[in-house]
>>> print(open('run00.csv').read())   # CSV, C-alpha atoms and all ligand atoms
chain,number,residue,atom,x,y,z
A,1,MET,CA,0.0,0.0,0.0
A,2,LYS,CA,2.8,2.4,0.9
A,3,LYS,CA,4.5,1.6,-2.4
A,4,ILE,CA,1.3,2.4,-4.4
A,5,LEU,CA,0.9,5.7,-2.5
A,6,LYS,CA,4.5,6.7,-3.1
A,7,ARG,CA,4.2,5.9,-6.8
A,8,LYS,CA,1.0,8.0,-7.0
A,9,ASN,CA,2.7,11.0,-5.3
A,10,SER,CA,5.7,10.7,-7.6
A,11,LYS,CA,3.5,10.8,-10.7
A,12,LYS,CA,1.7,13.8,-9.4
A,13,ALA,CA,5.0,15.6,-8.7
A,14,ILE,CA,6.4,14.8,-12.2
A,15,ASN,CA,3.2,16.0,-13.9
A,16,ARG,CA,2.7,19.1,-11.7
A,17,LYS,CA,6.2,20.6,-11.6
A,18,ASN,CA,7.3,23.0,-14.1
A,19,GLU,CA,10.2,21.9,-16.4
A,20,GLU,CA,12.4,24.7,-15.0
A,21,SER,CA,11.8,23.5,-11.4
A,22,ASN,CA,14.7,22.4,-9.2
A,23,SER,CA,12.7,19.5,-8.0
A,24,TRP,CA,14.4,16.1,-7.7
A,25,PHE,CA,11.7,14.6,-9.8
A,26,ILE,CA,12.3,17.1,-12.7
A,27,ALA,CA,16.1,16.6,-12.4
A,28,ILE,CA,15.5,12.8,-12.9
A,29,LYS,CA,13.2,13.5,-15.8
A,30,ARG,CA,15.8,15.7,-17.5
A,31,VAL,CA,18.5,13.0,-17.0
A,32,LEU,CA,16.2,10.3,-18.5
A,33,PHE,CA,15.4,12.6,-21.5
A,34,LYS,CA,19.1,13.4,-22.0
A,35,TYR,CA,20.1,9.8,-22.3
A,36,ASP,CA,17.0,8.8,-24.3
A,37,LEU,CA,15.7,6.5,-21.6
A,38,HIS,CA,12.1,5.7,-20.8
A,39,SER,CA,9.9,8.5,-19.4
A,40,PRO,CA,9.6,8.4,-15.6
A,41,ILE,CA,5.8,7.8,-15.8
A,42,ILE,CA,6.4,4.6,-17.9
A,43,LEU,CA,9.1,3.5,-15.4
A,44,LEU,CA,6.7,4.1,-12.5
A,45,ASN,CA,3.9,2.1,-14.2
A,46,ASP,CA,6.1,-0.7,-15.2
A,47,PRO,CA,9.4,-0.7,-13.2
A,48,PRO,CA,12.2,-2.8,-14.8
A,49,THR,CA,14.2,-5.3,-12.8
A,50,LYS,CA,17.4,-3.9,-11.2
A,51,TYR,CA,19.6,-5.9,-13.6
A,52,SER,CA,17.8,-4.8,-16.8
A,53,TRP,CA,17.6,-1.2,-15.6
A,54,LYS,CA,21.4,-1.1,-14.9
A,55,LYS,CA,22.1,-2.6,-18.3
A,56,SER,CA,19.8,-0.1,-20.1
A,57,VAL,CA,21.4,2.9,-18.2
A,58,ARG,CA,24.9,1.7,-19.0
A,59,SER,CA,24.3,1.2,-22.7
A,60,ALA,CA,22.3,4.5,-23.0
A,61,ILE,CA,25.1,6.5,-21.3
A,62,ASP,CA,27.8,4.8,-23.4
A,63,ARG,CA,25.8,5.5,-26.6
A,64,TYR,CA,25.2,9.1,-25.7
A,65,TRP,CA,28.9,9.9,-24.9
A,66,LYS,CA,30.2,7.9,-27.9
A,67,ASN,CA,28.0,10.0,-30.2
A,68,ILE,CA,29.1,13.3,-28.6
A,69,LEU,CA,32.7,12.3,-28.9
A,70,ILE,CA,32.3,11.4,-32.6
A,71,GLN,CA,30.4,14.6,-33.4
A,72,LYS,CA,32.8,16.9,-31.5
A,73,SER,CA,36.0,15.2,-32.9
A,74,CYS,CA,34.7,15.9,-36.5
A,75,THR,CA,34.7,19.6,-35.8
A,76,TYR,CA,38.4,19.8,-34.9
A,77,LYS,CA,40.7,19.8,-37.9
A,78,SER,CA,43.6,18.8,-35.7
A,79,LEU,CA,41.9,15.5,-34.8
A,80,LYS,CA,41.3,14.5,-38.4
A,81,TYR,CA,43.6,11.5,-38.2
A,82,LEU,CA,42.1,10.2,-34.9
A,83,GLY,CA,39.8,7.2,-35.5
A,84,THR,CA,36.6,7.6,-33.4
A,85,LEU,CA,34.1,5.4,-35.3
A,86,ASN,CA,35.5,2.2,-33.8
A,87,ILE,CA,35.6,3.6,-30.3
A,88,SER,CA,33.9,1.2,-27.8
A,89,PRO,CA,33.1,2.8,-24.4
A,90,GLY,CA,34.9,0.9,-21.6
A,91,LYS,CA,37.4,-0.6,-24.0
A,92,CYS,CA,40.9,0.7,-24.5
A,93,HIS,CA,41.5,2.5,-27.8
A,94,THR,CA,44.2,0.8,-30.0
A,95,LEU,CA,46.3,3.9,-29.6
A,96,LEU,CA,46.5,3.5,-25.9
A,97,PHE,CA,46.9,-0.3,-25.8
A,98,ILE,CA,50.2,-1.2,-24.1
A,99,GLY,CA,50.0,-4.9,-24.8
A,100,ASN,CA,52.5,-7.6,-23.7
A,101,THR,CA,55.6,-5.5,-23.7
A,102,SER,CA,58.6,-6.3,-21.5
A,103,ASP,CA,59.0,-2.6,-20.8
A,104,PRO,CA,55.6,-0.9,-20.2
A,105,THR,CA,57.2,2.4,-19.0
A,106,ARG,CA,59.0,2.8,-22.3
A,107,GLU,CA,55.8,2.0,-24.2
A,108,ALA,CA,53.9,4.6,-22.2
A,109,VAL,CA,56.4,7.2,-23.2
A,110,ARG,CA,56.1,6.2,-26.8
A,111,ILE,CA,52.3,6.4,-26.6
A,112,SER,CA,52.5,9.9,-25.0
A,113,VAL,CA,54.7,11.2,-27.9
A,114,LYS,CA,52.4,9.6,-30.5
A,115,LEU,CA,49.3,11.0,-28.8
A,116,LYS,CA,50.7,14.5,-29.0
A,117,VAL,CA,51.4,14.0,-32.8
A,118,ILE,CA,48.0,12.6,-33.5
A,119,THR,CA,46.2,15.4,-31.7
A,120,ASP,CA,48.6,18.0,-33.3
A,121,THR,CA,49.9,19.2,-30.0
A,122,TYR,CA,53.4,18.1,-30.7
A,123,ILE,CA,55.2,21.4,-31.0
A,124,LEU,CA,56.9,21.9,-34.4
A,125,GLN,CA,58.2,25.1,-36.1
A,126,SER,CA,54.8,25.6,-37.8
A,127,HIS,CA,53.2,25.8,-34.4
A,128,ARG,CA,55.8,28.0,-32.9
A,129,SER,CA,55.6,30.6,-35.7
A,130,ARG,CA,51.8,30.8,-35.3
A,131,TYR,CA,52.2,32.1,-31.8
A,132,ASN,CA,55.5,33.9,-32.0
A,133,LEU,CA,56.3,36.3,-34.8
A,134,ASN,CA,60.0,36.0,-34.2
A,135,GLU,CA,59.9,32.2,-35.0
A,136,THR,CA,60.2,30.9,-38.5
A,137,PRO,CA,57.9,28.0,-39.7
A,138,ILE,CA,60.9,26.6,-41.6
A,139,CYS,CA,62.3,23.3,-40.3
A,140,LYS,CA,65.5,23.9,-38.3
A,141,LEU,CA,66.9,20.5,-39.2
A,142,CYS,CA,66.9,20.8,-43.0
A,143,ASP,CA,66.2,24.6,-43.4
A,144,ILE,CA,64.2,23.7,-46.6
A,145,ASP,CA,60.5,23.5,-45.9
A,146,THR,CA,57.8,24.3,-43.4
A,147,GLU,CA,58.0,22.0,-40.4
A,148,ASP,CA,54.5,20.6,-40.0
A,149,ARG,CA,53.2,17.1,-39.2
A,150,THR,CA,53.7,15.9,-42.8
A,151,HIS,CA,57.2,17.3,-43.0
A,152,PHE,CA,58.2,15.7,-39.7
A,153,LEU,CA,56.7,12.3,-40.4
A,154,LEU,CA,57.4,11.9,-44.0
A,155,LYS,CA,59.4,14.6,-45.7
A,156,CYS,CA,62.3,15.9,-43.7
A,157,LYS,CA,65.5,14.7,-45.3
A,158,ILE,CA,67.5,14.8,-42.1
A,159,LEU,CA,65.2,12.2,-40.5
A,160,GLN,CA,65.0,10.0,-43.7
A,161,CYS,CA,67.4,7.3,-42.5
A,162,ILE,CA,65.5,7.0,-39.2
A,163,ARG,CA,62.0,6.7,-40.8
A,164,GLU,CA,63.1,4.4,-43.7
A,165,ARG,CA,63.6,1.3,-41.5
A,166,TYR,CA,60.2,1.6,-39.9
A,167,LEU,CA,58.3,2.5,-43.1
A,168,ASN,CA,59.8,-0.6,-44.7
A,169,GLN,CA,58.3,-2.7,-42.0
A,170,ILE,CA,54.9,-1.0,-42.3
A,171,ASN,CA,55.2,-1.5,-46.1
A,172,GLU,CA,55.8,-5.2,-45.7
A,173,ILE,CA,52.7,-5.6,-43.5
A,174,ILE,CA,50.3,-3.6,-45.7
A,175,SER,CA,51.6,-5.1,-49.0
A,176,ASP,CA,51.0,-8.5,-47.4
A,177,PHE,CA,47.2,-8.1,-47.3
A,178,LEU,CA,46.3,-4.9,-49.1
A,179,ASN,CA,48.5,-5.2,-52.1
A,180,PHE,CA,49.8,-1.7,-52.1
A,181,ARG,CA,52.9,0.1,-50.9
A,182,MET,CA,53.1,3.3,-48.9
A,183,ARG,CA,54.7,5.2,-51.7
A,184,ASP,CA,51.7,4.3,-54.0
A,185,ILE,CA,49.1,6.1,-51.9
A,186,PRO,CA,48.5,9.8,-51.3
A,187,THR,CA,50.5,11.5,-48.5
A,188,ASP,CA,47.4,12.0,-46.4
A,189,ASP,CA,46.7,8.2,-46.4
A,190,GLN,CA,50.3,7.5,-45.5
A,191,ILE,CA,50.0,9.8,-42.5
A,192,GLN,CA,46.7,8.1,-41.6
A,193,ILE,CA,48.3,4.7,-41.6
A,194,ILE,CA,51.2,6.0,-39.4
A,195,LEU,CA,49.0,7.9,-37.0
A,196,ASP,CA,45.9,5.6,-36.7
A,197,CYS,CA,45.7,2.8,-39.2
A,198,THR,CA,42.3,1.6,-37.7
A,199,MET,CA,40.6,4.5,-39.4
A,200,LEU,CA,41.8,3.8,-42.9
A,201,LEU,CA,41.7,0.0,-42.6
A,202,PHE,CA,38.5,-0.1,-40.5
A,203,GLY,CA,36.1,-2.8,-41.8
A,204,ILE,CA,38.7,-5.3,-43.1
A,205,PRO,CA,38.0,-8.5,-41.2
A,206,VAL,CA,41.7,-9.4,-40.4
A,207,ILE,CA,42.3,-5.9,-39.2
A,208,THR,CA,43.0,-6.5,-35.5
A,209,ASN,CA,46.4,-8.3,-35.9
A,210,TYR,CA,47.6,-6.1,-38.7
A,211,SER,CA,46.5,-2.9,-37.1
A,212,LYS,CA,48.2,-3.9,-33.8
A,213,ARG,CA,51.5,-4.6,-35.6
A,214,ILE,CA,51.3,-1.3,-37.6
A,215,GLU,CA,50.5,0.6,-34.4
A,216,ASP,CA,53.5,-0.9,-32.7
A,217,ILE,CA,55.9,0.0,-35.5
A,218,SER,CA,54.4,3.5,-35.9
A,219,ARG,CA,54.9,4.2,-32.2
A,220,GLN,CA,58.5,3.2,-32.5
A,221,LEU,CA,58.9,5.3,-35.7
A,222,ILE,CA,57.4,8.5,-34.1
A,223,TYR,CA,59.5,8.1,-30.9
A,224,ALA,CA,62.6,7.5,-33.0
A,225,LEU,CA,61.9,10.6,-35.1
A,226,HIS,CA,61.2,12.6,-31.9
A,227,VAL,CA,64.5,11.6,-30.3
A,228,ALA,CA,66.5,12.2,-33.5
A,229,ARG,CA,64.9,15.6,-33.9
A,230,TYR,CA,65.8,16.7,-30.4
A,231,ARG,CA,69.3,15.4,-30.6
A,232,THR,CA,69.9,17.1,-33.9
A,233,LEU,CA,68.5,20.4,-32.7
A,234,ASP,CA,70.6,20.1,-29.6
A,235,ILE,CA,73.8,19.6,-31.6
A,236,LYS,CA,72.9,22.5,-33.9
A,237,LYS,CA,72.5,24.8,-30.9
A,238,ARG,CA,76.0,24.1,-29.5
B,301,ZN,ZN,63.2,19.3,-42.2
>>> encode(input="run00.csv", output="structure tokens")
Amino acid sequence: MKKILKRKNSKKAINRKNEESNSWFIAIKRVLFKYDLHSPIILLNDPPTKYSWKKSVRSAIDRYWKNILIQKSCTYKSLKYLGTLNISPGKCHTLLFIGNTSDPTREAVRISVKLKVITDTYILQSHRSRYNLNETPICKLCDIDTEDRTHFLLKCKILQCIRERYLNQINEIISDFLNFRMRDIPTDDQIQIILDCTMLLFGIPVITNYSKRIEDISRQLIYALHVARYRTLDIKKR
């Protein structure tokens, strides 16, 4: 009897209160609406079991935030290489997966450098010159071209001997199952493979193993380029 009375009073409160009200009932109504869950009246009339309610809430919240993440990331040009379509809430993104390495600390450092590059927060001369008029966008290693992400990853001649070894390994993997070589595809696609191959290769059934191998090599490549760049700049400064 008490339960029936409580339910009746709750329904009254939900129906009577203004949408702008600070009432607890209206706050709950807003949250349910935000996550596209059932209306409170339906829930009061036919309460779900605790298990099925927890399951519905979890999947509604995951769906909501996944959509927000995908929508927002599309509006940032700097995140264009970051694969968001295959994001699965609660699961580690391939870019953050440490795996079975013997040295997780070193792997974490590699991941952090790669994350900076993929989110375009790794500071190169093109970034410096944007915020400081005294800085030139020209690469200080080769003094030939603007130092942006493409130049750093694929073009700078000073870093060529470093990147060649790793690009050859990536080439071997992709030519193995996709029948093309890195040099045969547009620069933008080459960068996509290096930064987040899951986005370009997403949808291919055997992707997991290949993408993990490419991810591992691309981390090593970016870290090696990062170290070589800093060492060369340091030597030039002296
Ligand atoms: Zn250069």
>>> residues_around(input="run00.csv", residues="Ile162 of chain A", least_positions_apart="2", cutoff="8 Å", atoms="all atoms listed in the file", output="PDB file with C-alpha atoms, in the coordinates of the input")
ATOM      1  CA  LEU A 159      65.200  12.200 -40.500  1.00  0.00           C
ATOM      2  CA  GLN A 160      65.000  10.000 -43.700  1.00  0.00           C
ATOM      3  CA  GLU A 164      63.100   4.400 -43.700  1.00  0.00           C
ATOM      4  CA  ARG A 165      63.600   1.300 -41.500  1.00  0.00           C
ATOM      5  CA  TYR A 166      60.200   1.600 -39.900  1.00  0.00           C
ATOM      6  CA  LEU A 221      58.900   5.300 -35.700  1.00  0.00           C
ATOM      7  CA  ALA A 224      62.600   7.500 -33.000  1.00  0.00           C
ATOM      8  CA  LEU A 225      61.900  10.600 -35.100  1.00  0.00           C
ATOM      9  CA  ALA A 228      66.500  12.200 -33.500  1.00  0.00           C
TER      10      ALA A 228
END
>>> residues_near_ligand(input="run00.csv", ligand="ligand ZN 301 (chain B)", cutoff="8 Å", atoms="all atoms listed in the file", output="PyMOL selection string")
chain A and resi 138-147+151-152+155-159
>>> residues_around(input="run00.csv", residues="Ser218 of chain A", least_positions_apart="5", cutoff="8 Å", atoms="only C-alpha atoms", output="ChimeraX atom specification")
/A:166,170,194-195
>>> closest_residue(input="run00.csv", among="A:Leu95, A:Cys74, A:Leu44, A:Ile87", to="Asn9 of chain A", atoms="only C-alpha atoms")
A:Leu44
>>> atom_distance(input="run00.csv", atom1="atom CA of Tyr76 of chain A", atom2="atom CA of Asp196 of chain A")
16.2 Å
>>> atom_distance(input="run00.csv", atom1="atom CA of Pro186 of chain A", atom2="atom CA of Gln125 of chain A")
23.6 Å
>>> closest_residue(input="run00.csv", among="A:Tyr230, A:Gly83, A:Arg213, A:Tyr223", to="Ser112 of chain A", atoms="all atoms listed in the file")
A:Tyr223
>>> atom_distance(input="run00.csv", atom1="atom CA of Leu233 of chain A", atom2="atom CA of His127 of chain A")
16.3 Å
>>> residues_near_point(input="run00.csv", point="(50.8, 20.7, -39.4)", cutoff="8 Å", atoms="all atoms listed in the file", output="VMD selection string")
chain A and resid 120 124 126 to 127 147 to 150
>>> residues_around(input="run00.csv", residues="Glu215 of chain A", least_positions_apart="3", cutoff="12 Å", atoms="all atoms listed in the file", output="ChimeraX atom specification")
/A:93-99,107,110-111,114-115,166-167,169-170,173,192-199,207-212,218-222
>>> closest_atom_pairs(input="run00.csv", of="segment 49-161 of chain A", to="segment 28-33 of chain A", cutoff="12 Å", atoms="all atoms listed in the file", output="Markdown table")
| residue | atom | partner | partner_atom | distance |
| --- | --- | --- | --- | --- |
| A:Trp53 | CA | A:Leu32 | CA | 11.9 |
| A:Ser56 | CA | A:Leu32 | CA | 11.1 |
| A:Val57 | CA | A:Leu32 | CA | 9.0 |
| A:Ala60 | CA | A:Leu32 | CA | 9.5 |
| A:Ile61 | CA | A:Leu32 | CA | 10.1 |
| A:Tyr64 | CA | A:Phe33 | CA | 11.2 |
>>> closest_residue(input="run00.csv", among="A:Ile191, A:Val109, A:Ile214, A:Leu178", to="His226 of chain A", atoms="all atoms listed in the file")
A:Val109
